[in-house]
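Presented below is the structure to which this report refers.
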Amino acid sequence: MIRVGIGYDLHRLVSGRKLLLGGVELPFEKGEDGHSDGDVLFHAITDAVLGAAGLGDIGSFFPPEDPQWLDADSAELLRFVMQKVYACGWKVENIDCVIKLEKPKFIPYRQQVIDSISDVLNIPAACVFVKAKTGEKLPPIGTSEAVEAYVVCLLSR
């Protein structure tokens with residue numbers, strides 16, 4: 001059996017926060033505003049994997065109104081979810097990601113992000129791909145007011 005899941009997340013970019021994408025901190029004067037660490041890529045991956053496995057969504061596991069998730073490490077949240085997914089007999093075949101970000105340039109960090117995702121999911125890096133698109137100077141992405149991530153995940157069992 002195979003299943004596909006789609007994940008999406010969007011966070012406002014604000015001063016005083018880290019810009020995290022797939023567990024990798026990118027140097028920038030702004031970072032994601034969020035209840036947890038705000039890592040939009042890990043959040044979108046979490047939703048994609050949960051959707052494919054039919055296990056819910058990130059909010060049902062980690063409600064943002066719950067103070068225990070304040071500043072939570074999104075990599076650890078994804079690891080927790082993956083334990084549930086793997087316990088149900090699912091295997092990640094591949095993850096394909098799109099990040100929409102105007103600045104900073106993503107390409108110099110792509111392999112680090114791929115390696116980080118493969119480590120958290122415990123899958124080969126060859127099963128992960130991440131690409132970036134700008135907002136073509138259009139708000140909110142193109143004016144560096146926000147960052148978005150889209151993810152497709154293929155599971156099998």
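Lettering and numbering for the structure tokens are positional, with chains as A, B, ... in the shown order, residues counted from 1 in each chain, and ligands counted from 1 in the shown order.
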Contact residues around segment 128-137 of chain A with only C-alpha atoms at 6 Å, ignoring same-chain residues under 4 positions, as a ChimeraX atom specification: /A:94-102,141-143
Could you pull the residues within 10 Å of Leu70 of chain A, counting only C-alpha atoms, minus those fewer than 3 positions along the same chain, as a count of residues only? 11
Select, from A:Ala87, A:Ile6, A:Leu21, A:Val92, the residue with the minimum atom-to-atom distance to Leu154 of chain A, counting only C-alpha atoms.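 Smallest separation from Leu154 of chain A among the options: A:Val92.
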Which one is closest to Met1 of chain A: A:Ile45, A:Ile117, A:Ala52, A:Leu138? Count only C-alpha atoms.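 So, comparing all the options, the nearest one is A:Ala52.
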Please identify the strand (DSSP E) residues within chain A (assignment by DSSP from backbone atoms) and present them as an MDAnalysis selection string. chainID A and resid 2:15 19:21 24:26 30:32 91:100 128:133 146:156
Can you tell me how far atom CA of Glu148 of chain A sits from atom CA of Leu10 of chain A, in Å to one decimal? 4.3 Å
Closest of A:Arg12, A:Lys105, A:Arg3, A:Arg157 to Leu26 of chain A - atom-to-atom distances counting only C-alpha atoms: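 Ranking A:Arg12, A:Lys105, A:Arg3, A:Arg157 by distance to Leu26 of chain A, first place goes to A:Lys105.
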Which of these, A:Gly54, A:Pro104, A:Gly89, A:Pro63, has the shortest distance to Leu20 of chain A once you count only C-alpha atoms?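 Among the listed residues, the smallest separation from Leu20 of chain A belongs to A:Pro104.
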Smallest atom-to-atom distance to Cys153 of chain A: which of A:Ile2, A:Val24, A:Leu19, A:Leu13, using only C-alpha atoms?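 Comparing A:Ile2, A:Val24, A:Leu19, A:Leu13 against Cys153 of chain A, the winner is A:Ile2.
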Would you list, as JSON, numbers by chain, the residues of chain A that end up in alpha helix (DSSP H) under DSSP run on this structure's backbone? {"A": [40, 41, 42, 43, 44, 45, 46, 47, 48, 49, 50, 51, 52, 53, 58, 59, 60, 61, 74, 75, 76, 77, 78, 79, 80, 81, 82, 83, 84, 85, 86, 87, 110, 111, 112, 113, 114, 115, 116, 117, 118, 119, 120, 121]}
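Between Gly7 of chain A and the residues A:Glu76, A:Asp71, A:Asp47, A:Glu29, the shortest atom-to-atom distance, using only C-alpha atoms, involves A:Asp47.
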If we count only C-alpha atoms and set the cut-off at 10 Å, which residues sit around Asp57 of chain A, ignoring sequence neighbours fewer than 2 positions away in its own chain? Please answer as an MDAnalysis selection string. chainID A and resid 7 43:44 46:51 54:55 59:63 81
Atom CA of Ser144 of chain A to atom CA of Asp9 of chain A: how many Å, to one decimal?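 Going from atom CA of Ser144 of chain A over to atom CA of Asp9 of chain A covers 15.6 Å.
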Any idea what the distance is between atom CA of Ile123 of chain A and atom CA of Val85 of chain A?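 Separation of atom CA of Ile123 of chain A and atom CA of Val85 of chain A: 13.3 Å.
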